[in-house]
file protein_34.cif (mmCIF, C-alpha atoms)
data_data
loop_
_atom_site.label_atom_id
_atom_site.label_comp_id
_atom_site.auth_asym_id
_atom_site.auth_seq_id
_atom_site.Cartn_x
_atom_site.Cartn_y
_atom_site.Cartn_z
CA GLN A 99 25.07 7.14 34.27
CA TRP A 100 21.73 5.36 34.58
CA CYS A 101 20.01 4.91 31.22
CA ASP A 102 16.33 5.37 30.71
CA SER A 103 15.11 2.22 29.08
CA GLY A 104 11.58 1.59 28.03
CA LYS A 105 10.08 -1.84 27.64
CA VAL A 106 7.39 -2.54 25.10
CA ALA A 107 5.67 -5.90 25.22
CA SER A 108 3.50 -7.14 22.44
CA GLY A 109 2.43 -10.16 20.51
CA TYR A 110 3.30 -8.53 17.22
CA ASP A 111 1.08 -11.31 15.88
CA MET A 112 1.64 -9.66 12.54
CA VAL A 113 4.41 -7.08 12.42
CA HIS A 114 3.27 -4.00 10.45
CA TYR A 115 4.22 -0.32 10.19
CA GLY A 116 1.78 0.53 13.00
CA HIS A 117 3.96 -1.51 15.37
CA SER A 118 7.10 0.10 13.93
CA ASN A 119 5.63 3.52 14.60
CA GLN A 120 4.86 2.50 18.19
CA LEU A 121 8.47 1.37 18.63
CA ARG A 122 9.77 4.61 17.08
CA GLN A 123 7.75 6.62 19.63
CA ALA A 124 8.84 4.37 22.49
CA LYS A 125 12.52 4.74 21.58
CA ALA A 126 12.15 8.53 21.61
CA MET A 127 10.99 8.35 25.26
CA GLY A 128 14.29 6.88 26.50
CA ASP A 129 17.77 5.74 25.50
CA TYR A 130 17.55 1.98 25.19
CA LEU A 131 14.56 0.03 23.92
CA ILE A 132 13.88 -3.55 24.96
CA VAL A 133 10.94 -5.22 23.23
CA GLY A 134 9.15 -8.18 24.78
CA VAL A 135 7.63 -10.52 22.20
CA HIS A 136 5.08 -13.15 23.26
CA THR A 137 5.08 -16.82 22.28
CA ASP A 138 2.57 -18.38 19.88
CA ALA A 139 0.87 -20.12 22.84
CA GLU A 140 0.37 -16.83 24.74
CA ILE A 141 -1.07 -15.04 21.70
CA SER A 142 -3.38 -17.93 20.82
CA LYS A 143 -4.70 -17.92 24.38
CA HIS A 144 -5.39 -14.18 24.56
CA LYS A 145 -5.93 -13.04 20.98
CA GLY A 146 -6.38 -15.97 18.62
CA PRO A 147 -3.97 -17.59 16.14
CA PRO A 148 -0.88 -15.50 15.24
CA VAL A 149 -0.19 -14.96 11.54
CA PHE A 150 3.57 -15.51 11.95
CA THR A 151 5.36 -18.06 14.13
CA GLN A 152 7.23 -16.83 17.20
CA GLU A 153 10.62 -17.40 15.50
CA GLU A 154 9.52 -15.31 12.52
CA ARG A 155 8.19 -12.58 14.83
CA TYR A 156 11.40 -12.47 16.91
CA LYS A 157 13.43 -11.96 13.74
CA MET A 158 11.04 -9.35 12.32
CA VAL A 159 11.04 -7.26 15.50
CA ARG A 160 14.86 -7.43 15.64
CA ALA A 161 14.95 -6.00 12.10
CA ILE A 162 13.08 -2.82 13.14
CA LYS A 163 15.69 -0.08 13.38
CA TRP A 164 14.55 1.45 16.69
CA VAL A 165 14.87 -1.82 18.62
CA ASP A 166 18.00 -2.34 20.78
CA GLU A 167 17.17 -5.73 22.26
CA ILE A 168 14.30 -8.22 22.34
CA VAL A 169 13.06 -10.56 25.06
CA GLU A 170 11.78 -13.81 23.58
CA GLY A 171 8.71 -15.34 25.20
CA ALA A 172 7.79 -12.25 27.23
CA PRO A 173 4.86 -12.71 29.65
CA TYR A 174 1.50 -11.45 28.39
CA VAL A 175 0.98 -9.40 31.55
CA THR A 176 3.81 -6.90 32.10
CA THR A 177 4.65 -6.86 35.81
CA LEU A 178 6.97 -4.71 37.91
CA GLU A 179 9.08 -7.85 38.35
CA THR A 180 9.58 -8.05 34.57
CA LEU A 181 10.58 -4.37 34.37
CA ASP A 182 13.08 -4.79 37.23
CA LYS A 183 14.52 -7.99 35.75
CA TYR A 184 15.56 -6.10 32.58
CA ASN A 185 16.49 -2.85 34.38
CA CYS A 186 13.68 -0.92 32.72
CA ASP A 187 12.46 2.36 34.14
CA PHE A 188 9.05 2.11 32.51
CA CYS A 189 7.05 0.29 29.90
CA VAL A 190 5.30 1.72 26.87
CA HIS A 191 2.11 0.65 25.14
CA GLY A 192 -0.25 2.05 22.51
CA ASP A 193 -3.39 3.92 23.53
CA ASP A 194 -5.62 0.97 22.65
CA ILE A 195 -6.78 -1.48 25.31
CA THR A 196 -5.04 -4.79 26.04
CA LEU A 197 -7.03 -7.24 28.06
CA THR A 198 -6.33 -10.70 29.41
CA VAL A 199 -8.68 -13.62 28.74
CA ASP A 200 -10.77 -12.63 31.77
CA GLY A 201 -11.01 -8.99 30.67
CA LYS A 202 -8.40 -7.43 33.02
CA ASP A 203 -6.15 -4.56 31.91
CA THR A 204 -2.72 -6.16 31.36
CA TYR A 205 -0.95 -2.96 32.49
CA GLU A 206 -2.85 -2.37 35.74
CA GLU A 207 0.11 -2.99 38.09
CA VAL A 208 2.70 -0.88 36.27
CA LYS A 209 0.17 1.96 35.80
CA ARG A 210 -0.45 2.01 39.55
CA GLU A 211 3.29 2.41 40.21
CA GLY A 212 3.70 5.20 37.65
CA ARG A 213 5.92 3.09 35.40
CA TYR A 214 3.69 3.14 32.35
CA ARG A 215 3.81 5.45 29.35
CA GLU A 216 1.61 5.59 26.32
CA CYS A 217 2.26 6.21 22.66
CA LYS A 218 -0.27 7.10 19.98
CA ARG A 219 -1.77 4.36 17.89
CA THR A 220 -1.20 4.66 14.13
CA GLN A 221 -4.50 5.57 12.53
CA GLY A 222 -5.60 3.42 9.61
CA VAL A 223 -3.84 0.14 10.31
CA SER A 224 -4.33 -2.87 12.52
CA THR A 225 -3.72 -6.59 12.16
CA THR A 226 -7.50 -6.99 12.12
CA ASP A 227 -7.80 -4.59 9.19
CA LEU A 228 -4.99 -6.27 7.20
CA VAL A 229 -6.46 -9.72 7.81
CA GLY A 230 -9.78 -8.33 6.62
CA ARG A 231 -8.25 -7.03 3.40
CA MET A 232 -6.70 -10.44 2.72
CA LEU A 233 -9.93 -12.30 3.38
CA LEU A 234 -11.89 -10.06 1.01
CA MET A 235 -9.69 -11.04 -1.93
CA THR A 236 -11.22 -8.28 -4.05
CA LYS A 237 -9.77 -5.03 -5.33
CA ALA A 238 -12.26 -3.08 -3.19
CA HIS A 239 -9.71 -2.23 -0.52
CA HIS A 240 -7.80 0.08 -2.87
CA SER A 241 -10.76 2.39 -3.33
CA ASN A 242 -12.74 1.86 -0.16
CA MET A 243 -11.58 -0.11 2.86
CA VAL A 244 -14.16 -2.64 3.98
CA SER A 245 -14.30 -3.75 7.59
CA LEU A 246 -14.22 -7.44 8.46
CA SER A 247 -16.38 -6.75 11.45
CA GLY A 248 -19.19 -5.51 9.20
CA PRO A 249 -21.22 -2.30 9.42
CA LYS A 250 -22.09 -2.77 13.10
CA GLY A 251 -18.42 -2.77 14.17
CA HIS A 252 -18.04 0.29 16.38
CA SER A 253 -14.96 -0.37 18.46
CA PRO A 254 -12.54 2.53 17.81
CA TRP A 255 -9.62 0.11 18.12
CA THR A 256 -10.76 -2.75 15.92
CA GLY A 257 -12.70 -0.87 13.25
CA VAL A 258 -11.00 -0.02 9.98
CA SER A 259 -9.89 3.54 9.28
CA GLN A 260 -8.03 4.66 6.18
CA PHE A 261 -4.35 5.41 6.63
CA LEU A 262 -3.39 8.96 5.66
CA GLN A 263 0.21 9.54 4.64
CA THR A 264 1.88 12.81 5.57
CA SER A 265 5.34 14.18 4.81
CA GLN A 266 5.91 14.35 8.58
CA LYS A 267 5.38 10.60 8.94
CA ILE A 268 7.89 9.90 6.16
CA ILE A 269 10.43 12.21 7.82
CA GLN A 270 9.96 10.39 11.14
CA PHE A 271 10.65 7.02 9.50
CA ALA A 272 13.39 8.06 7.06
CA SER A 273 17.05 7.75 8.02
CA GLY A 274 17.92 11.14 6.51
CA LYS A 275 21.42 9.81 5.80
CA GLU A 276 23.04 10.41 2.44
CA PRO A 277 25.53 7.95 0.97
CA GLN A 278 29.10 8.67 2.11
CA PRO A 279 32.30 8.28 0.05
CA GLY A 280 33.28 4.62 0.17
CA ASP A 281 29.68 3.37 0.52
CA SER A 282 28.44 0.75 -1.94
CA ILE A 283 25.11 1.80 -3.39
CA ILE A 284 22.91 -1.29 -3.73
CA TYR A 285 19.54 -1.07 -5.47
CA VAL A 286 16.64 -3.52 -5.14
CA ALA A 287 13.10 -3.15 -6.43
CA GLY A 288 9.74 -4.78 -5.83
CA ALA A 289 6.34 -4.57 -4.17
CA PHE A 290 7.46 -5.48 -0.62
CA ASP A 291 3.79 -6.00 0.15
CA LEU A 292 2.74 -6.98 3.69
CA PHE A 293 6.38 -6.56 4.70
CA HIS A 294 7.31 -9.96 6.16
CA ILE A 295 10.16 -12.22 7.25
CA GLY A 296 10.89 -13.25 3.62
CA HIS A 297 11.60 -9.58 2.83
CA VAL A 298 13.67 -9.15 6.00
CA ASP A 299 15.87 -12.19 5.18
CA PHE A 300 16.33 -10.93 1.60
CA LEU A 301 17.28 -7.38 2.66
CA GLU A 302 19.66 -8.70 5.31
CA MET A 303 21.38 -10.79 2.64
CA VAL A 304 21.52 -7.76 0.29
CA TYR A 305 23.03 -5.70 3.12
CA LYS A 306 25.77 -8.31 3.51
CA GLN A 307 26.84 -7.95 -0.15
CA ALA A 308 29.16 -5.06 0.68
CA GLU A 309 31.50 -3.84 3.38
CA ARG A 310 29.69 -0.48 3.65
CA PRO A 311 26.25 -0.95 2.12
CA TYR A 312 23.78 1.83 1.33
CA VAL A 313 20.61 -0.02 0.35
CA ILE A 314 18.01 1.76 -1.78
CA VAL A 315 14.63 0.04 -2.19
CA GLY A 316 12.55 0.95 -5.24
CA LEU A 317 8.84 0.49 -4.53
CA HIS A 318 6.46 0.07 -7.45
CA PHE A 319 3.16 1.97 -7.50
CA ASP A 320 -0.01 -0.01 -6.68
CA GLN A 321 -1.16 -0.12 -10.31
CA GLU A 322 2.20 -1.56 -11.42
CA VAL A 323 2.14 -4.20 -8.66
CA ASN A 324 -1.37 -5.19 -9.66
CA ARG A 325 -0.26 -5.53 -13.30
CA TYR A 326 2.28 -8.24 -12.48
CA LYS A 327 0.78 -9.74 -9.30
CA GLY A 328 -2.92 -9.67 -10.25
CA LYS A 329 -5.77 -10.61 -7.88
CA ASN A 330 -6.23 -7.99 -5.17
CA TYR A 331 -2.54 -7.16 -4.81
CA PRO A 332 -1.03 -5.11 -3.33
CA ILE A 333 -2.75 -5.64 0.03
CA MET A 334 -0.96 -2.53 1.34
CA ASN A 335 -0.94 0.67 -0.67
CA ILE A 336 2.23 2.52 -1.69
CA HIS A 337 2.15 4.78 1.40
CA GLU A 338 1.91 1.84 3.79
CA ARG A 339 4.62 -0.09 1.96
CA THR A 340 6.93 2.95 2.10
CA LEU A 341 6.78 3.10 5.92
CA SER A 342 7.10 -0.67 6.29
CA VAL A 343 10.34 -0.72 4.30
CA LEU A 344 11.77 2.46 5.88
CA ALA A 345 11.40 0.89 9.34
CA CYS A 346 13.81 -1.91 8.38
CA ARG A 347 17.36 -1.48 9.74
CA TYR A 348 18.96 -2.72 6.49
CA VAL A 349 17.37 0.01 4.35
CA SER A 350 18.85 3.49 3.85
CA GLU A 351 16.48 5.00 1.29
CA VAL A 352 13.22 4.29 -0.54
CA VAL A 353 12.19 5.37 -4.05
CA ILE A 354 8.41 5.89 -3.88
CA GLY A 355 6.96 4.76 -7.20
CA ALA A 356 10.11 3.43 -8.83
CA PRO A 357 10.08 2.71 -12.58
CA TYR A 358 9.56 -0.98 -13.32
CA ALA A 359 12.56 -1.18 -15.64
CA VAL A 360 15.84 -0.48 -13.82
CA GLY A 361 17.18 1.79 -16.52
CA LYS A 362 20.18 3.98 -17.29
CA ASP A 363 18.70 7.16 -15.73
CA LEU A 364 17.99 5.52 -12.39
CA LEU A 365 21.39 3.79 -12.20
CA ASP A 366 23.25 7.00 -13.05
CA HIS A 367 21.13 9.22 -10.80
CA PHE A 368 21.81 7.10 -7.69
CA LYS A 369 25.33 6.05 -8.82
CA VAL A 370 24.34 2.41 -8.26
CA ASP A 371 27.19 -0.08 -7.79
CA LEU A 372 25.08 -3.23 -7.54
CA VAL A 373 21.52 -4.30 -8.38
CA CYS A 374 20.11 -7.32 -6.54
CA HIS A 375 17.05 -9.48 -7.02
CA GLY A 376 15.87 -12.50 -5.05
CA LYS A 377 15.00 -15.96 -6.31
CA THR A 378 11.41 -14.96 -7.11
CA GLU A 379 10.27 -14.76 -10.72
CA VAL A 380 11.10 -11.59 -12.66
CA PHE A 381 8.03 -10.50 -14.61
CA PRO A 382 8.72 -8.85 -18.00
CA ASP A 383 7.97 -5.16 -18.51
CA LYS A 384 4.83 -4.05 -20.40
CA ASP A 385 6.68 -4.32 -23.72
CA GLY A 386 7.94 -7.82 -22.87
CA SER A 387 11.51 -6.69 -22.13
CA ASP A 388 13.69 -7.71 -19.16
CA PRO A 389 13.46 -4.96 -16.48
CA TYR A 390 17.05 -5.81 -15.45
CA ALA A 391 18.59 -5.64 -18.95
CA GLU A 392 20.64 -2.47 -18.23
CA PRO A 393 22.27 -3.61 -14.93
CA LYS A 394 23.01 -6.99 -16.58
CA LYS A 395 24.67 -5.20 -19.51
CA ARG A 396 26.82 -3.24 -17.04
CA GLY A 397 27.74 -6.41 -15.16
CA ILE A 398 26.31 -5.13 -11.87
CA PHE A 399 23.32 -7.48 -11.53
CA ARG A 400 23.34 -10.17 -8.84
CA THR A 401 20.78 -12.81 -7.83
CA VAL A 402 20.70 -13.15 -4.05
CA ASP A 403 19.40 -16.26 -2.32
CA SER A 404 18.12 -15.43 1.16
CA GLY A 405 17.33 -19.07 1.88
CA ASN A 406 13.74 -18.04 2.68
CA GLY A 407 11.10 -18.75 0.07
CA LEU A 408 8.20 -17.16 1.96
CA THR A 409 6.05 -14.91 -0.24
CA THR A 410 3.14 -12.55 0.37
CA ASP A 411 0.96 -15.20 -1.32
CA ASP A 412 2.00 -17.74 1.33
CA ILE A 413 0.90 -15.38 4.11
CA VAL A 414 -2.48 -14.80 2.47
CA GLN A 415 -2.83 -18.59 2.20
CA ARG A 416 -2.08 -18.94 5.94
CA ILE A 417 -4.84 -16.44 6.67
CA ILE A 418 -7.34 -18.14 4.39
CA ALA A 419 -6.50 -21.54 5.90
CA ASN A 420 -7.28 -20.11 9.34
CA ARG A 421 -10.13 -17.97 8.09
CA LEU A 422 -12.80 -19.09 10.54
CA GLN A 423 -10.45 -18.76 13.50
CA PHE A 424 -9.39 -15.26 12.39
CA GLU A 425 -12.96 -14.11 11.85
CA ALA A 426 -13.92 -15.44 15.28
CA ARG A 427 -10.84 -13.75 16.79
CA ASN A 428 -11.77 -10.39 15.26
CA GLN A 429 -15.38 -10.58 16.47
CA LYS A 430 -14.29 -11.68 19.95
CA LYS A 431 -11.74 -8.86 20.17
CA GLU A 432 -14.33 -6.30 19.21
CA ALA A 433 -16.92 -7.68 21.67
CA LYS A 434 -14.32 -7.50 24.47
CA GLU A 435 -13.44 -3.90 23.58
CA MET A 436 -17.11 -2.88 23.39
CA ALA A 437 -17.71 -4.39 26.85
CA VAL A 438 -14.82 -2.32 28.24
CA ILE A 439 -16.16 0.85 26.62
CA GLU A 440 -19.58 0.14 28.13
CA ALA A 441 -17.99 -0.42 31.58
CA MET A 442 -16.00 2.83 31.24
CA ARG A 443 -19.16 4.71 30.22
CA LYS A 444 -21.07 3.30 33.22
CA ARG A 445 -18.26 4.21 35.61
CA GLU A 446 -18.22 7.75 34.22
CA GLU A 447 -22.01 8.03 34.62
CA GLU A 448 -21.79 6.81 38.23
CA GLN A 449 -19.00 9.30 38.98
CA ASN A 450 -21.03 12.12 37.41
CA GLU A 451 -24.13 11.13 39.45
CA ALA A 452 -22.05 11.00 42.64
CA ALA A 453 -20.57 14.42 41.86
CA ALA A 454 -24.06 15.81 41.18
CA GLN A 455 -25.33 14.50 44.55
CA VAL A 456 -22.37 16.10 46.34
CA THR A 457 -23.16 19.49 44.78
CA GLN A 458 -26.82 19.13 45.83
#
call {"tool": "encode", "arguments": {"input": "protein_34.cif", "output": "structure tokens"}}
result
Amino acid sequence: QWCDSGKVASGYDMVHYGHSNQLRQAKAMGDYLIVGVHTDAEISKHKGPPVFTQEERYKMVRAIKWVDEIVEGAPYVTTLETLDKYNCDFCVHGDDITLTVDGKDTYEEVKREGRYRECKRTQGVSTTDLVGRMLLMTKAHHSNMVSLSGPKGHSPWTGVSQFLQTSQKIIQFASGKEPQPGDSIIYVAGAFDLFHIGHVDFLEMVYKQAERPYVIVGLHFDQEVNRYKGKNYPIMNIHERTLSVLACRYVSEVVIGAPYAVGKDLLDHFKVDLVCHGKTEVFPDKDGSDPYAEPKKRGIFRTVDSGNGLTTDDIVQRIIANRLQFEARNQKKEAKEMAVIEAMRKREEEQNEAAAQVTQ
């Protein structure tokens, strides 16, 4: 039997839950999902500097649970030749515009041949928005998102809109699987802010701690994260962090707003067999106590070394180091999109005028 397989190609210059949601929708359109991921050179040429290296992005896309296969170094323009090479029936892209350096629609050819499908963009998140939040380095983004592109930014794709969580969205992302007899229940807790390759490597290592792992991730509320991380953390709010973690193939369940101390009630409620923490510093609880005292007392606490020391702080530092390039990239992207909107508006006007003349 011939399988429907969709191909999604993207830079995934920063892999966030908006991309995961795109991949979830794409997978639902067929049976087998192949994701093309561009190289650093391709992204730099068309979009500006990527936040993560290509190796990091390949690994992060592989960790998204709806992905069956990835193509490393996929061409920026998806051609019919590419689709045929990987036996794909069609390709899928979000309903935003992707343009080449010279302003051409990168999906023109496949659209013409009817081998293009579209999925809805996730409202309230974009790489541009996240980069903007990091560059602000204030707590403002928790109460009122501020756009990097300033008040005159009117592109519907690049402008910042607030993400609204719904129960439906959580259901779409959740596995819905309960632990089975014989599963090892492993609990980890943290902020998992700006879900990145450091988190992926850690969760993969946690997943490998048992023969049949059922990994539960406890996410701390924003206020709690800010207490121990300070500055403007978390960059992503609790709703965004929930979806980011649920999209990871190593995670079975998420506790939304987990208590900071991993106590008796939590361990008993989930029948936890093992509690893991990475090599990062463990901050004491409000009263100065060790949040892992109970699992340590039970002999079920384990420190896991993922071999990756990357932190959310490091990513913010990368952004700040490239600040001028990123700001230029965001302005350029918006200008390009506005030019396309203007061209589309003109074309529509011309068509309307032509139609009016015909009726006269």
call {"tool": "residues_around", "arguments": {"input": "protein_34.cif", "residues": "segment 360-367 of chain A", "least_positions_apart": "2", "cutoff": "8 Å", "atoms": "all atoms listed in the file", "output": "VMD selection string"}}
result
chain A and resid 357 to 358 369 to 370 389 to 393
call {"tool": "atom_distance", "arguments": {"input": "protein_34.cif", "atom1": "atom CA of Tyr331 of chain A", "atom2": "atom CA of Thr220 of chain A"}}
result
22.4 Å
call {"tool": "resolve_selection", "arguments": {"input": "protein_34.cif", "expression": "the PyMOL selection byres ((chain A and resi 157) around 12)", "output": "PyMOL selection string"}}
result
chain A and resi 110+113+133+135+150-156+158-162+165+167-170+294-299+302+346-347
call {"tool": "residues_around", "arguments": {"input": "protein_34.cif", "residues": "Asp193 of chain A", "least_positions_apart": "6", "cutoff": "12 Å", "atoms": "all atoms listed in the file", "output": "number ranges by chain"}}
result
A: 120, 205, 214-221, 254-255
call {"tool": "closest_residue", "arguments": {"input": "protein_34.cif", "among": "A:Thr410, A:Leu301, A:Ile417, A:Leu422", "to": "Gly376 of chain A", "atoms": "all atoms listed in the file"}}
result
A:Leu301
call {"tool": "atom_distance", "arguments": {"input": "protein_34.cif", "atom1": "atom CA of Met232 of chain A", "atom2": "atom CA of Ala433 of chain A"}}
result
21.7 Å
call {"tool": "resolve_selection", "arguments": {"input": "protein_34.cif", "expression": "the PyMOL selection byres ((chain A and resi 118) around 9)", "output": "PyMOL selection string"}}
result
chain A and resi 113-117+119-123+159+162-164+271+341-342+345-346
call {"tool": "closest_residue", "arguments": {"input": "protein_34.cif", "among": "A:Phe381, A:Thr176, A:Val315, A:Met303", "to": "Asp403 of chain A", "atoms": "only C-alpha atoms"}}
result
A:Met303
call {"tool": "closest_residue", "arguments": {"input": "protein_34.cif", "among": "A:Ala139, A:Leu292, A:Leu228, A:Ile132", "to": "Leu408 of chain A", "atoms": "only C-alpha atoms"}}
result
A:Leu292
call {"tool": "atom_distance", "arguments": {"input": "protein_34.cif", "atom1": "atom CA of Leu181 of chain A", "atom2": "atom CA of Gly134 of chain A"}}
result
10.4 Å
call {"tool": "closest_residue", "arguments": {"input": "protein_34.cif", "among": "A:Gln278, A:Gln455, A:Asn335, A:Thr264", "to": "Gln321 of chain A", "atoms": "all atoms listed in the file"}}
result
A:Asn335
call {"tool": "residues_around", "arguments": {"input": "protein_34.cif", "residues": "Leu372 of chain A", "least_positions_apart": "2", "cutoff": "8 Å", "atoms": "all atoms listed in the file", "output": "PyMOL selection string"}}
result
chain A and resi 282-285+370+374+393+398-400
call {"tool": "closest_residue", "arguments": {"input": "protein_34.cif", "among": "A:Thr401, A:Ser273, A:Thr137, A:Thr204", "to": "Val343 of chain A", "atoms": "only C-alpha atoms"}}
result
A:Ser273
call {"tool": "axis_aligned_box", "arguments": {"input": "protein_34.cif", "around": "segment 363-369 of chain A", "padding_each_side": "3 Å", "output": "lines of an AutoDock Vina configuration file"}}
result
center_x = 21.7
center_y = 6.5
center_z = -11.7
size_x = 13.3
size_y = 11.4
size_z = 14.0
call {"tool": "closest_residue", "arguments": {"input": "protein_34.cif", "among": "A:Asp411, A:Glu140, A:Glu309, A:Asp388", "to": "Phe290 of chain A", "atoms": "only C-alpha atoms"}}
result
A:Asp411
call {"tool": "decode", "arguments": {"input": "protein_34.cif", "residues": "segment 374-392 of chain A", "atoms": "N, CA and C atoms", "output": "PDB file, in the first residue's frame"}}
result
ATOM      1  N   CYS A 374      14.952  12.223  39.025  1.00  0.00           N
ATOM      2  CA  CYS A 374      16.236  12.618  38.423  1.00  0.00           C
ATOM      3  C   CYS A 374      16.404  14.135  38.398  1.00  0.00           C
ATOM      4  N   HIS A 375      17.650  14.545  38.478  1.00  0.00           N
ATOM      5  CA  HIS A 375      17.994  15.961  38.298  1.00  0.00           C
ATOM      6  C   HIS A 375      19.304  16.019  37.535  1.00  0.00           C
ATOM      7  N   GLY A 376      19.467  17.069  36.737  1.00  0.00           N
ATOM      8  CA  GLY A 376      20.698  17.205  35.946  1.00  0.00           C
ATOM      9  C   GLY A 376      21.847  17.723  36.786  1.00  0.00           C
ATOM     10  N   LYS A 377      22.891  18.172  36.106  1.00  0.00           N
ATOM     11  CA  LYS A 377      24.088  18.670  36.785  1.00  0.00           C
ATOM     12  C   LYS A 377      23.956  20.138  37.211  1.00  0.00           C
ATOM     13  N   THR A 378      22.832  20.772  36.818  1.00  0.00           N
ATOM     14  CA  THR A 378      22.669  22.184  37.172  1.00  0.00           C
ATOM     15  C   THR A 378      22.416  22.326  38.673  1.00  0.00           C
ATOM     16  N   GLU A 379      22.670  23.523  39.161  1.00  0.00           N
ATOM     17  CA  GLU A 379      22.546  23.805  40.590  1.00  0.00           C
ATOM     18  C   GLU A 379      21.106  23.607  41.075  1.00  0.00           C
ATOM     19  N   VAL A 380      20.975  23.026  42.273  1.00  0.00           N
ATOM     20  CA  VAL A 380      19.647  22.879  42.881  1.00  0.00           C
ATOM     21  C   VAL A 380      19.477  24.037  43.864  1.00  0.00           C
ATOM     22  N   PHE A 381      18.523  24.917  43.589  1.00  0.00           N
ATOM     23  CA  PHE A 381      18.284  26.051  44.476  1.00  0.00           C
ATOM     24  C   PHE A 381      17.443  25.592  45.669  1.00  0.00           C
ATOM     25  N   PRO A 382      17.766  26.069  46.879  1.00  0.00           N
ATOM     26  CA  PRO A 382      16.961  25.664  48.052  1.00  0.00           C
ATOM     27  C   PRO A 382      15.532  26.200  47.965  1.00  0.00           C
ATOM     28  N   ASP A 383      14.631  25.569  48.700  1.00  0.00           N
ATOM     29  CA  ASP A 383      13.241  26.018  48.757  1.00  0.00           C
ATOM     30  C   ASP A 383      13.177  27.328  49.547  1.00  0.00           C
ATOM     31  N   LYS A 384      12.004  27.949  49.589  1.00  0.00           N
ATOM     32  CA  LYS A 384      11.840  29.236  50.288  1.00  0.00           C
ATOM     33  C   LYS A 384      12.345  29.189  51.730  1.00  0.00           C
ATOM     34  N   ASP A 385      12.147  28.053  52.400  1.00  0.00           N
ATOM     35  CA  ASP A 385      12.571  27.942  53.798  1.00  0.00           C
ATOM     36  C   ASP A 385      14.028  27.465  53.937  1.00  0.00           C
ATOM     37  N   GLY A 386      14.739  27.402  52.808  1.00  0.00           N
ATOM     38  CA  GLY A 386      16.150  27.009  52.844  1.00  0.00           C
ATOM     39  C   GLY A 386      16.384  25.512  52.775  1.00  0.00           C
ATOM     40  N   SER A 387      15.300  24.721  52.699  1.00  0.00           N
ATOM     41  CA  SER A 387      15.455  23.254  52.693  1.00  0.00           C
ATOM     42  C   SER A 387      15.763  22.718  51.296  1.00  0.00           C
ATOM     43  N   ASP A 388      16.253  21.479  51.233  1.00  0.00           N
ATOM     44  CA  ASP A 388      16.574  20.816  49.971  1.00  0.00           C
ATOM     45  C   ASP A 388      15.274  20.298  49.349  1.00  0.00           C
ATOM     46  N   PRO A 389      14.907  20.756  48.137  1.00  0.00           N
ATOM     47  CA  PRO A 389      13.647  20.305  47.526  1.00  0.00           C
ATOM     48  C   PRO A 389      13.635  18.797  47.218  1.00  0.00           C
ATOM     49  N   TYR A 390      14.813  18.174  47.226  1.00  0.00           N
ATOM     50  CA  TYR A 390      14.902  16.734  46.922  1.00  0.00           C
ATOM     51  C   TYR A 390      15.159  15.876  48.173  1.00  0.00           C
ATOM     52  N   ALA A 391      14.895  16.445  49.350  1.00  0.00           N
ATOM     53  CA  ALA A 391      15.165  15.720  50.608  1.00  0.00           C
ATOM     54  C   ALA A 391      14.393  14.397  50.694  1.00  0.00           C
ATOM     55  N   GLU A 392      13.102  14.411  50.318  1.00  0.00           N
ATOM     56  CA  GLU A 392      12.265  13.204  50.433  1.00  0.00           C
ATOM     57  C   GLU A 392      12.717  12.082  49.482  1.00  0.00           C
TER      58      GLU A 392
END
